[in-house]
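**Q** What follows is a single structure, and I will ask about it in a moment.
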Amino acid sequence: MLGLKFVSENLELIKEKLALRKMKVDLGAFFAMVEERKALLQESESLKYEKNQASAKIAKLPPNQRSQSPLIADMRKVSEKIKGLDARLSDVDADLKDVLMTLPNLPHSSVPAGDGEQDNVVVRTWGEKPEFGFTPKQHFELGEELGILDFERGAKITGARFTLQCGLGARMERALINLMLDVHTTEHGYTEVLPPFIVNDTTMTGTGQLPKFEDDLFKLEGLNYYLIPTAEVPVTNIYAGEILPAEELPKYFAAYTPCFRKEAGSYGKDVRGLIRQHQFNKVELVKFCAQEDSYDELEKLLRNAETILQMLGIHYRVVNLCTADLGFSAAKTYDIEVWLPGQNAYREISSCSNFEDFQARRANIRCKGKGDNKTRLVHTINGSGLAVGRTLVAILENFQLEDGSVIIPDVLRKYTGGVEKIALT
């Protein structure tokens, strides 16, 4: 959430930045509320000063004259007026907060301006696209033929966009989770956490999922509880309402969780396979850091996520998302896009974002500043390290052989009991 003072004092800047996001926002009503708030505060403070002055005069009167003083009757009227002003001020503050909750974060100066996905900027690539002497298949064809992905029975158990993984399909999912957690905790310095997979509405609001994205969330009937769409939500809220000492920053956390999304608005997209599921697994990386360090920490987190694909030997590229393609809460985002030869396309496998103080203000996460010991908001950063199902997709498509079998990358074999290949049995 953007700060009220900042927005009130920088309306033209806000309009310019939101225009870069290709958002048309009418801030006229917001400005009118800001002006009303100023007037209410001034009048209330003036009346409170008047009341304090009158109270001081009354206190100086002889005790037997105080109850007869006309000042008392006047101050009763002033008190009632103050009460009314404060009630209206409370309503205006609530309305202003509602508006602020709907405003997205402002893009950082290093974010390229653009109208959509086509204007994202490729930062770098790693590895080479594999070459095949045959037409490569898509992962869902390979998975069904190998008996490791069962979409029909997954749909029977629950419905569309649910999958049953069997045998080495299930074991590969577990192997990837273990690899990611092991690397991030032992080599990159993250502390592993296992958070709740169900959170309350306050927690969802803290990271920006509510109120804007309620239609994409699974809510438990009769409760203000939601299934998490990403581990970012519970892990970022670990320190909600707390003040962190400067010497404890930065803090790094890695968490495996299942994720649950309705995929509202994605009708007809990726209807086959593991790319867009209602339930999927992910290893998430989350950082809390001082404001002055956050963009360096974003670059480090990005490199940490890239490491997994490099260990697996899968070609990918990193893109800097343009202003119109940024997520609601992000000030800057890098997407890691993995090459899928079966689709002959790059697909996102991780989004690594700096939210600056946008989430911290909503969740009230603060720290003591370095040197001056002043209390200020932290910056939060997160990214997938990686999306597990999509990593399995990349393995199936990149390491397939002409006979339909799939080579298991060397680095995973210690997690698969030494099995080197997924093949028909």
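Going by the structure tokens order, chains are called A, B, ..., each with residues numbered from 1, while ligands are numbered from 1 in the order shown.
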Can you pull out every residue within 7 Å of range 234-238 of chain A, counting only C-alpha atoms, but drop anything in the same chain fewer than 4 positions away, and send it as a short mmCIF file (atom, residue, chain, number, x, y, z; two decimals) with N, CA and C atoms, in the first residue's frame?
**A**
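Saved to result_19.cif:
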data_model
loop_
_atom_site.label_atom_id
_atom_site.label_comp_id
_atom_site.auth_asym_id
_atom_site.auth_seq_id
_atom_site.Cartn_x
_atom_site.Cartn_y
_atom_site.Cartn_z
N PRO A 195 5.14 -23.10 6.76
CA PRO A 195 4.07 -22.26 7.30
C PRO A 195 2.71 -22.94 7.16
N PRO A 196 1.68 -22.36 7.79
CA PRO A 196 0.32 -22.85 7.55
C PRO A 196 -0.06 -22.68 6.08
N VAL A 199 -4.65 -19.31 5.67
CA VAL A 199 -4.38 -18.04 6.35
C VAL A 199 -5.68 -17.24 6.50
N THR A 203 -3.97 -11.59 6.91
CA THR A 203 -2.72 -12.03 6.29
C THR A 203 -2.78 -11.86 4.78
N GLY A 206 -2.28 -8.29 3.93
CA GLY A 206 -0.92 -7.82 4.16
C GLY A 206 -0.02 -7.90 2.95
N VAL A 286 11.81 -15.76 0.32
CA VAL A 286 11.31 -14.48 0.84
C VAL A 286 12.41 -13.80 1.63
N ALA A 363 1.23 -4.69 6.16
CA ALA A 363 1.38 -5.65 7.25
C ALA A 363 2.05 -5.05 8.48
#
**Q** Please identify which residues in range 114-362 of chain A DSSP calls strand (DSSP E) from the backbone, and express them as a count of residues only.
**A** 66
**Q** How would you write, as a list in words, the set of residues in range 153-187 of chain A that DSSP gives as alpha helix (DSSP H)?
**A** Arg153, Gly154, Ala155, Lys156, Ile157, Leu168, Gly169, Ala170, Arg171, Met172, Glu173, Arg174, Ala175, Leu176, Ile177, Asn178, Leu179, Met180, Leu181, Asp182, Val183, His184, Thr185 and Thr186 of chain A
**Q** Which neighbours of Leu285 in chain A fall inside 8 Å, counting only C-alpha atoms, when residues of the same chain fewer than 5 positions from it are skipped, and could you give them as a VMD selection string?
**A** chain A and resid 190 232 252 to 255 301 382 to 385
**Q** Please compute the CA of Leu149 in chain A-CA of Gly273 in chain A distance, one decimal, in Å.
**A** 8.7 Å
**Q** Set the distance at 12 Å and use only C-alpha atoms: which residues neighbour Leu223 in chain A once local chain neighbours fewer than 6 positions away are removed? I'd like the list as number ranges by chain.
**A** A: 198-201
**Q** Just write the chosen residues, N, CA and C atoms, as a PDB file, in the first residue's frame.
**A**
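See part03.pdb below for the written result:
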ATOM      1  N   ILE A 198      -3.229 -22.475   5.283  1.00  0.00           N
ATOM      2  CA  ILE A 198      -4.480 -21.722   5.387  1.00  0.00           C
ATOM      3  C   ILE A 198      -4.186 -20.453   6.173  1.00  0.00           C
ATOM      4  N   VAL A 199      -4.648 -19.308   5.672  1.00  0.00           N
ATOM      5  CA  VAL A 199      -4.381 -18.035   6.355  1.00  0.00           C
ATOM      6  C   VAL A 199      -5.676 -17.240   6.496  1.00  0.00           C
ATOM      7  N   ASN A 200      -5.643 -16.242   7.359  1.00  0.00           N
ATOM      8  CA  ASN A 200      -6.827 -15.409   7.563  1.00  0.00           C
ATOM      9  C   ASN A 200      -6.834 -14.223   6.597  1.00  0.00           C
ATOM     10  N   ASP A 201      -7.919 -13.454   6.616  1.00  0.00           N
ATOM     11  CA  ASP A 201      -8.062 -12.355   5.665  1.00  0.00           C
ATOM     12  C   ASP A 201      -7.066 -11.230   5.929  1.00  0.00           C
TER      13      ASP A 201
END
